[in-house]
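As stored in target_31.csv (CSV, C-alpha atoms):
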```csv
chain,number,residue,atom,x,y,z
A,25,MET,CA,-17.3,38.8,-26.4
A,26,SER,CA,-16.5,36.3,-29.1
A,27,ILE,CA,-13.6,33.8,-28.5
A,28,PRO,CA,-10.7,34.2,-30.9
A,29,CYS,CA,-10.5,31.4,-33.4
A,30,TYR,CA,-6.8,30.8,-32.7
A,31,SER,CA,-7.7,29.8,-29.1
A,32,LEU,CA,-10.0,26.9,-30.0
A,33,PRO,CA,-7.3,24.5,-31.1
A,34,ARG,CA,-5.5,25.2,-27.8
A,35,ILE,CA,-8.6,24.5,-25.8
A,36,GLY,CA,-9.2,21.3,-27.8
A,37,ARG,CA,-5.7,20.2,-27.2
A,38,PHE,CA,-6.0,21.0,-23.5
A,39,SER,CA,-9.2,19.1,-23.2
A,40,GLY,CA,-7.8,16.2,-25.1
A,41,ALA,CA,-4.7,16.2,-22.8
A,42,ILE,CA,-7.0,16.0,-19.7
A,43,ILE,CA,-8.9,13.1,-21.2
A,44,LEU,CA,-5.7,11.2,-22.1
A,45,THR,CA,-4.3,11.9,-18.7
A,46,GLN,CA,-7.4,10.5,-17.0
A,47,MET,CA,-7.4,7.4,-19.2
A,48,ALA,CA,-3.7,6.8,-18.5
A,49,SER,CA,-4.4,7.1,-14.8
A,50,VAL,CA,-7.0,4.3,-15.1
A,51,LEU,CA,-5.0,1.8,-17.2
A,52,GLN,CA,-1.4,1.9,-18.2
A,53,ILE,CA,0.2,-0.4,-20.8
A,54,ALA,CA,2.3,-2.9,-18.9
A,55,SER,CA,5.9,-3.1,-20.0
A,56,PRO,CA,7.1,-6.5,-21.3
A,57,GLU,CA,9.1,-7.0,-18.1
A,58,SER,CA,6.1,-6.1,-15.8
A,59,ALA,CA,3.9,-8.4,-17.8
A,60,ARG,CA,6.4,-11.3,-17.5
A,61,ARG,CA,6.7,-10.7,-13.7
A,62,ILE,CA,2.9,-10.6,-13.3
A,63,GLN,CA,2.6,-13.9,-15.2
A,64,ARG,CA,5.3,-15.5,-13.0
A,65,VAL,CA,3.6,-14.3,-9.8
A,66,GLN,CA,0.3,-15.6,-11.1
A,67,ILE,CA,1.7,-19.0,-12.0
A,68,VAL,CA,3.2,-19.3,-8.5
A,69,THR,CA,-0.2,-18.3,-7.1
A,70,ILE,CA,-2.1,-20.9,-9.2
A,71,VAL,CA,0.3,-23.7,-8.1
A,72,TRP,CA,0.2,-22.8,-4.5
A,73,MET,CA,-3.6,-22.2,-4.4
A,74,SER,CA,-4.3,-25.5,-6.0
A,75,VAL,CA,-2.4,-27.3,-3.2
A,76,GLU,CA,-3.8,-25.0,-0.5
A,77,ALA,CA,-7.4,-25.4,-1.6
A,78,ALA,CA,-7.2,-29.2,-2.0
A,79,VAL,CA,-5.5,-29.8,1.4
A,80,SER,CA,-7.6,-27.3,3.4
A,81,LEU,CA,-10.9,-28.5,2.0
A,82,PHE,CA,-10.0,-32.2,2.6
A,83,VAL,CA,-8.8,-31.5,6.1
A,84,ALA,CA,-11.9,-29.3,6.8
A,85,TRP,CA,-14.2,-32.2,5.8
A,86,ARG,CA,-12.3,-34.6,8.1
A,87,ALA,CA,-12.0,-32.2,11.0
A,88,ARG,CA,-15.5,-30.6,10.6
A,89,SER,CA,-13.8,-27.2,10.9
A,90,PRO,CA,-15.8,-24.2,9.7
A,91,ALA,CA,-12.7,-22.0,9.9
A,92,LEU,CA,-10.8,-24.4,7.6
A,93,LEU,CA,-13.8,-24.7,5.3
A,94,ALA,CA,-14.0,-20.9,4.9
A,95,PHE,CA,-10.3,-20.8,4.3
A,96,GLY,CA,-10.5,-23.6,1.7
A,97,GLY,CA,-13.4,-21.9,-0.1
A,98,ASP,CA,-11.4,-18.7,-0.2
A,99,SER,CA,-8.4,-20.6,-1.6
A,100,ALA,CA,-10.6,-22.0,-4.4
A,101,ILE,CA,-12.0,-18.6,-5.2
A,102,GLU,CA,-8.6,-17.1,-5.3
A,103,LEU,CA,-7.4,-19.9,-7.6
A,104,PHE,CA,-10.0,-18.9,-10.1
A,105,SER,CA,-9.1,-15.2,-9.7
A,106,ALA,CA,-5.5,-15.9,-10.3
A,107,VAL,CA,-6.4,-17.7,-13.6
A,108,VAL,CA,-8.5,-14.7,-14.7
A,109,VAL,CA,-5.6,-12.2,-14.0
A,110,LEU,CA,-3.1,-14.5,-15.8
A,111,TRP,CA,-5.4,-14.5,-18.8
A,112,ARG,CA,-5.7,-10.7,-18.6
A,113,PHE,CA,-1.9,-10.3,-18.9
A,114,ARG,CA,-1.3,-12.7,-21.8
A,115,ALA,CA,0.0,-10.9,-24.9
A,116,THR,CA,-3.3,-11.6,-26.8
A,117,ALA,CA,-5.5,-10.3,-24.0
A,118,ALA,CA,-3.6,-7.1,-23.0
A,119,HIS,CA,-6.2,-4.5,-23.9
A,120,GLY,CA,-8.8,-2.3,-22.1
A,121,ASP,CA,-11.8,-4.7,-22.7
A,122,ALA,CA,-9.8,-7.6,-21.1
A,123,GLU,CA,-8.9,-5.4,-18.1
A,124,ARG,CA,-12.5,-4.4,-17.6
A,125,ARG,CA,-13.8,-7.9,-17.8
A,126,ALA,CA,-11.1,-9.3,-15.6
A,127,ALA,CA,-11.7,-6.6,-13.0
A,128,ARG,CA,-15.4,-7.3,-12.9
A,129,VAL,CA,-14.9,-11.0,-12.5
A,130,ALA,CA,-12.3,-10.5,-9.8
A,131,GLY,CA,-14.7,-8.0,-8.0
A,132,ALA,CA,-17.6,-10.5,-8.3
A,133,LEU,CA,-15.4,-13.2,-6.8
A,134,LEU,CA,-14.7,-10.9,-3.8
A,135,PHE,CA,-18.4,-10.5,-3.3
A,136,ALA,CA,-18.8,-14.3,-3.6
A,137,LEU,CA,-16.1,-14.7,-1.0
A,138,ALA,CA,-17.9,-12.3,1.4
A,139,ALA,CA,-21.1,-14.3,1.1
A,140,PHE,CA,-19.2,-17.6,1.6
A,141,VAL,CA,-17.4,-16.4,4.7
A,142,ALA,CA,-20.7,-15.0,6.1
A,143,VAL,CA,-22.6,-18.3,5.6
A,144,ILE,CA,-19.8,-20.4,7.1
A,145,SER,CA,-19.5,-18.1,10.1
A,146,VAL,CA,-23.2,-18.1,10.8
A,147,THR,CA,-23.2,-21.9,10.5
A,148,SER,CA,-20.4,-22.1,13.0
A,149,LEU,CA,-22.1,-19.6,15.5
A,150,LEU,CA,-25.3,-21.7,15.3
A,151,GLY,CA,-23.4,-24.7,16.4
A,152,TYR,CA,-24.0,-26.9,13.4
A,153,SER,CA,-20.4,-28.2,13.5
A,154,GLU,CA,-18.0,-29.4,16.1
A,155,PRO,CA,-14.4,-28.7,15.0
A,156,LYS,CA,-11.6,-31.2,15.9
A,157,PRO,CA,-7.9,-30.6,16.3
A,158,THR,CA,-5.9,-31.1,13.1
A,159,VAL,CA,-2.2,-31.1,12.6
A,160,SER,CA,-2.5,-31.0,8.8
A,161,GLY,CA,-4.9,-28.1,9.0
A,162,THR,CA,-2.6,-26.1,11.2
A,163,ALA,CA,0.4,-26.8,8.9
A,164,ILE,CA,-1.4,-25.5,5.8
A,165,LEU,CA,-2.6,-22.4,7.7
A,166,VAL,CA,1.0,-21.6,8.9
A,167,ALA,CA,2.3,-22.0,5.4
A,168,ALA,CA,-0.4,-19.7,4.0
A,169,ALA,CA,0.4,-17.1,6.7
A,170,VAL,CA,4.0,-17.0,5.3
A,171,VAL,CA,3.4,-17.3,1.5
A,172,MET,CA,0.2,-15.1,1.0
A,173,PRO,CA,1.5,-11.8,2.5
A,174,TRP,CA,4.5,-11.9,0.1
A,175,LEU,CA,2.2,-12.6,-2.9
A,176,ALA,CA,-0.2,-9.8,-1.9
A,177,LYS,CA,2.7,-7.4,-1.6
A,178,GLU,CA,4.1,-8.3,-5.1
A,179,LYS,CA,0.6,-8.0,-6.7
A,180,ARG,CA,-0.1,-4.6,-5.0
A,181,ARG,CA,3.3,-3.2,-6.3
A,182,LEU,CA,2.6,-4.5,-9.8
A,183,SER,CA,-0.9,-3.2,-9.7
A,184,GLY,CA,0.4,0.3,-8.9
A,185,ALA,CA,2.9,0.0,-11.8
A,186,THR,CA,0.4,-1.1,-14.4
A,187,GLY,CA,-2.9,0.5,-13.2
A,188,SER,CA,-4.6,-2.8,-13.2
A,189,ALA,CA,-7.8,-3.0,-11.1
A,190,ALA,CA,-8.0,-6.8,-11.8
A,191,LEU,CA,-4.6,-7.2,-10.3
A,192,ARG,CA,-5.6,-5.0,-7.3
A,193,ALA,CA,-8.6,-7.3,-6.7
A,194,ASP,CA,-6.4,-10.3,-6.9
A,195,ALA,CA,-3.9,-8.7,-4.5
A,196,ALA,CA,-6.9,-8.2,-2.1
A,197,GLN,CA,-7.7,-11.9,-2.5
A,198,SER,CA,-4.2,-12.8,-1.5
A,199,ALA,CA,-4.2,-10.4,1.5
A,200,LEU,CA,-7.6,-11.7,2.6
A,201,CYS,CA,-6.3,-15.3,2.3
A,202,ALA,CA,-3.5,-14.3,4.7
A,203,TYR,CA,-5.9,-12.7,7.1
A,204,LEU,CA,-8.2,-15.7,7.0
A,205,SER,CA,-5.2,-18.0,7.7
A,206,PHE,CA,-4.4,-16.0,10.9
A,207,ILE,CA,-8.0,-15.9,11.9
A,208,ALA,CA,-8.4,-19.7,11.4
A,209,LEU,CA,-5.2,-20.3,13.3
A,210,ALA,CA,-6.5,-18.1,16.2
A,211,GLY,CA,-9.8,-19.9,16.1
A,212,LEU,CA,-8.3,-23.4,16.2
A,213,ALA,CA,-6.0,-22.3,19.0
A,214,PHE,CA,-8.8,-20.7,21.1
A,215,ASN,CA,-11.0,-23.8,20.5
A,216,ALA,CA,-8.2,-26.2,21.3
A,217,ILE,CA,-7.0,-24.5,24.5
A,218,TRP,CA,-10.0,-22.6,25.9
A,219,ARG,CA,-12.9,-24.2,24.0
A,220,VAL,CA,-14.0,-20.8,22.7
A,221,LYS,CA,-15.9,-22.0,19.6
A,222,TRP,CA,-17.2,-18.6,18.5
A,223,ALA,CA,-13.8,-16.9,18.3
A,224,ASP,CA,-13.0,-17.6,14.6
A,225,PRO,CA,-16.5,-16.8,13.1
A,226,ILE,CA,-16.6,-13.5,15.0
A,227,ALA,CA,-13.1,-12.6,13.7
A,228,ALA,CA,-14.2,-13.6,10.2
A,229,PHE,CA,-17.2,-11.3,10.4
A,230,ALA,CA,-14.9,-8.4,11.3
A,231,ILE,CA,-13.1,-8.5,7.9
A,232,LEU,CA,-16.3,-8.8,5.8
A,233,PRO,CA,-16.5,-5.0,5.3
A,234,LEU,CA,-13.0,-5.0,3.9
A,235,ILE,CA,-13.9,-7.8,1.5
A,236,VAL,CA,-16.9,-5.9,0.3
A,237,TRP,CA,-15.0,-2.6,0.0
A,238,GLU,CA,-12.3,-4.2,-2.1
A,239,GLY,CA,-14.9,-5.9,-4.4
A,240,ARG,CA,-16.6,-2.5,-4.9
A,241,GLU,CA,-13.3,-0.8,-5.8
A,242,ALA,CA,-12.5,-3.6,-8.3
A,243,MET,CA,-15.9,-3.2,-9.9
A,244,ARG,CA,-15.3,0.5,-10.2
A,245,GLY,CA,-11.9,-0.1,-11.9
A,246,LYS,CA,-9.7,1.2,-9.1
A,247,ALA,CA,-6.1,0.1,-9.2
A,248,CYS,CA,-3.8,0.1,-6.2
A,249,GLY,CA,-2.0,3.3,-5.8
A,250,CYS,CA,0.8,1.8,-3.7
A,251,CYS,CA,4.1,0.5,-5.1
```

As structure tokens:
Amino acid sequence: MSIPCYSLPRIGRFSGAIILTQMASVLQIASPESARRIQRVQIVTIVWMSVEAAVSLFVAWRARSPALLAFGGDSAIELFSAVVVLWRFRATAAHGDAERRAARVAGALLFALAAFVAVISVTSLLGYSEPKPTVSGTAILVAAAVVMPWLAKEKRRLSGATGSAALRADAAQSALCAYLSFIALAGLAFNAIWRVKWADPIAAFAILPLIVWEGREAMRGKACGCC
């Protein structure tokens, strides 16, 4: 039986609507207010991560702490990720190609973070470093444990509102930074009180699957569905 000609435009419109709906679910155009809020959050992230990376890496070198070194490396990676996402949401870069590039870079940075944490954790387990107690290191970790969950929550909400996979990956970076701060604090405490040197690298290994999973989702262009 032949299909009536009058049904073809309706089928075309229906198919087109499906395609447009799928595209909209992947990437939405951020409102001016959302874009401004994202830029403010990213600027706060850049300022904080610059301080956090500088202090934690310096203290890690002086204290010979692998946990602080992993945390400082994560801070440096997240600093670059925040810069990438800030570029993505500039008015001149707000288009699909910018989103795809930013998402891929952010995903690649998550994979780099996973490799970095794995190497540092193995080094610690093999006993190549002997961490020392550090007041400055503890202070920066406590501050990060307070600041980073708030930044992660804001970025997840804005990712859900804009459909940005790059912002989702950056939110994952912030959340992982918070997790690493708790892990490093636990490692420093266990080592200082009970001399359990393997506590923090084992805990760091436990979150590696989450880092890899978030990196894969960013590469696939998945935005956070939560608000």

Notebook entry, point to check: In terms of the shortest atom-to-atom distance over all atoms listed in the file, which of A:Ser99, A:Ser205, A:Ser188, A:Thr147 is closest to A:Ala163?
Noted result: A:Ser205

Per-residue nearest contacts of stretch 178-212 of chain A to stretch 122-133 of chain A (10 Å; all atoms listed in the file) as CSV:
```
residue,atom,partner,partner_atom,distance
A:Gly187,CA,A:Glu123,CA,9.7
A:Ser188,CA,A:Glu123,CA,7.0
A:Ala189,CA,A:Ala127,CA,5.6
A:Ala190,CA,A:Ala127,CA,3.9
A:Leu191,CA,A:Ala127,CA,7.6
A:Arg192,CA,A:Ala127,CA,8.5
A:Ala193,CA,A:Ala130,CA,5.8
A:Asp194,CA,A:Ala130,CA,6.6
A:Ala196,CA,A:Ala130,CA,9.7
A:Gln197,CA,A:Ala130,CA,8.7
```

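Picture a line from atom CA of A:Ala213 to atom CA of A:Gly96; it runs 17.9 Å.
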
Note to self: What's the separation between atom CA of A:Leu134 and atom CA of A:Ile235, in Å to one decimal place?
What the structure shows: 6.2 Å

Margin query: Just checking: using only C-alpha atoms, which residue out of A:Trp72, A:Trp237, A:Trp218, A:Trp85 ends up closest to A:Ala106?
Written below: A:Trp72

Checklist line | Protein and nucleic acid residues near (-0.9, -11.8, 0.1) (cut-off 12 Å, all atoms listed in the file) as number ranges by chain | finding: A: 65-66, 69, 72-73, 99, 102, 167-181, 191-205

Export of the given selection (C-alpha atoms) as an mmCIF file, keeping the file's coordinate frame:
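That gives us part.cif:
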```
data_model
loop_
_atom_site.group_PDB
_atom_site.id
_atom_site.type_symbol
_atom_site.label_atom_id
_atom_site.label_comp_id
_atom_site.auth_asym_id
_atom_site.auth_seq_id
_atom_site.Cartn_x
_atom_site.Cartn_y
_atom_site.Cartn_z
ATOM 1 C CA VAL A 65 3.600 -14.300 -9.800
ATOM 2 C CA GLN A 66 0.300 -15.600 -11.100
ATOM 3 C CA THR A 69 -0.200 -18.300 -7.100
ATOM 4 C CA TRP A 72 0.200 -22.800 -4.500
ATOM 5 C CA MET A 73 -3.600 -22.200 -4.400
ATOM 6 C CA SER A 99 -8.400 -20.600 -1.600
ATOM 7 C CA GLU A 102 -8.600 -17.100 -5.300
ATOM 8 C CA ALA A 167 2.300 -22.000 5.400
ATOM 9 C CA ALA A 168 -0.400 -19.700 4.000
ATOM 10 C CA ALA A 169 0.400 -17.100 6.700
ATOM 11 C CA VAL A 170 4.000 -17.000 5.300
ATOM 12 C CA VAL A 171 3.400 -17.300 1.500
ATOM 13 C CA MET A 172 0.200 -15.100 1.000
ATOM 14 C CA PRO A 173 1.500 -11.800 2.500
ATOM 15 C CA TRP A 174 4.500 -11.900 0.100
ATOM 16 C CA LEU A 175 2.200 -12.600 -2.900
ATOM 17 C CA ALA A 176 -0.200 -9.800 -1.900
ATOM 18 C CA LYS A 177 2.700 -7.400 -1.600
ATOM 19 C CA GLU A 178 4.100 -8.300 -5.100
ATOM 20 C CA LYS A 179 0.600 -8.000 -6.700
ATOM 21 C CA ARG A 180 -0.100 -4.600 -5.000
ATOM 22 C CA ARG A 181 3.300 -3.200 -6.300
ATOM 23 C CA LEU A 191 -4.600 -7.200 -10.300
ATOM 24 C CA ARG A 192 -5.600 -5.000 -7.300
ATOM 25 C CA ALA A 193 -8.600 -7.300 -6.700
ATOM 26 C CA ASP A 194 -6.400 -10.300 -6.900
ATOM 27 C CA ALA A 195 -3.900 -8.700 -4.500
ATOM 28 C CA ALA A 196 -6.900 -8.200 -2.100
ATOM 29 C CA GLN A 197 -7.700 -11.900 -2.500
ATOM 30 C CA SER A 198 -4.200 -12.800 -1.500
ATOM 31 C CA ALA A 199 -4.200 -10.400 1.500
ATOM 32 C CA LEU A 200 -7.600 -11.700 2.600
ATOM 33 C CA CYS A 201 -6.300 -15.300 2.300
ATOM 34 C CA ALA A 202 -3.500 -14.300 4.700
ATOM 35 C CA TYR A 203 -5.900 -12.700 7.100
ATOM 36 C CA LEU A 204 -8.200 -15.700 7.000
ATOM 37 C CA SER A 205 -5.200 -18.000 7.700
#
```

Margin query: One number please: atom CA of A:Val108 to atom CA of A:Val141, in Å, one decimal.
Written below: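 Rounded to one decimal, the two atoms are 21.4 Å apart.
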
Checklist line | Selection: 10 Å around A:Ser55, only C-alpha atoms, excl. self and same-chain fewer than 4 positions, as a list in words | finding: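 Those residues are Ala59, Arg60, Arg61, Ala185 and Thr186 of chain A.
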
Stretch 103-206 of chain A residues near stretch 221-231 of chain A within 8 Å, closest pair each, using only C-alpha atoms, as JSON lines:
```
{"residue": "A:Val141", "atom": "CA", "partner": "A:Ala228", "partner_atom": "CA", "distance": 7.0}
{"residue": "A:Ala142", "atom": "CA", "partner": "A:Phe229", "partner_atom": "CA", "distance": 6.7}
{"residue": "A:Ile144", "atom": "CA", "partner": "A:Pro225", "partner_atom": "CA", "distance": 7.7}
{"residue": "A:Ser145", "atom": "CA", "partner": "A:Pro225", "partner_atom": "CA", "distance": 4.4}
{"residue": "A:Val146", "atom": "CA", "partner": "A:Pro225", "partner_atom": "CA", "distance": 7.2}
{"residue": "A:Ser148", "atom": "CA", "partner": "A:Pro225", "partner_atom": "CA", "distance": 6.6}
{"residue": "A:Leu149", "atom": "CA", "partner": "A:Trp222", "partner_atom": "CA", "distance": 5.8}
{"residue": "A:Leu204", "atom": "CA", "partner": "A:Ala228", "partner_atom": "CA", "distance": 7.1}
```

Notebook entry, point to check: Which of these, A:Ile70, A:Val75, A:Val83, A:Val220, has the shortest distance to A:Leu103 once you count only C-alpha atoms?
Noted result: A:Ile70

Next item on the list: For each of A:Leu182, A:Leu212, A:Ile207, A:Val236, take the minimum atom-to-atom distance to A:Phe113, counting all atoms listed in the file, then give the residue where this is smallest.
Entry: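 Using all atoms listed in the file, A:Phe113 sits closest to A:Leu182.
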
Item checked: Contacts of A:Val143 at 12 Å (all atoms listed in the file; same-chain gap of 6+ positions) as a PyMOL selection string -> chain A and resi 90-91+93-94+97+136-137+149-150+152+225+228-229+232

Keeping only C-alpha atoms, write those residues as an mmCIF file, in the coordinates of the input.
```cif
data_model
loop_
_atom_site.group_PDB
_atom_site.id
_atom_site.type_symbol
_atom_site.label_atom_id
_atom_site.label_comp_id
_atom_site.auth_asym_id
_atom_site.auth_seq_id
_atom_site.Cartn_x
_atom_site.Cartn_y
_atom_site.Cartn_z
ATOM 1 C CA PRO A 90 -15.800 -24.200 9.700
ATOM 2 C CA ALA A 91 -12.700 -22.000 9.900
ATOM 3 C CA LEU A 93 -13.800 -24.700 5.300
ATOM 4 C CA ALA A 94 -14.000 -20.900 4.900
ATOM 5 C CA GLY A 97 -13.400 -21.900 -0.100
ATOM 6 C CA ALA A 136 -18.800 -14.300 -3.600
ATOM 7 C CA LEU A 137 -16.100 -14.700 -1.000
ATOM 8 C CA LEU A 149 -22.100 -19.600 15.500
ATOM 9 C CA LEU A 150 -25.300 -21.700 15.300
ATOM 10 C CA TYR A 152 -24.000 -26.900 13.400
ATOM 11 C CA PRO A 225 -16.500 -16.800 13.100
ATOM 12 C CA ALA A 228 -14.200 -13.600 10.200
ATOM 13 C CA PHE A 229 -17.200 -11.300 10.400
ATOM 14 C CA LEU A 232 -16.300 -8.800 5.800
#
```
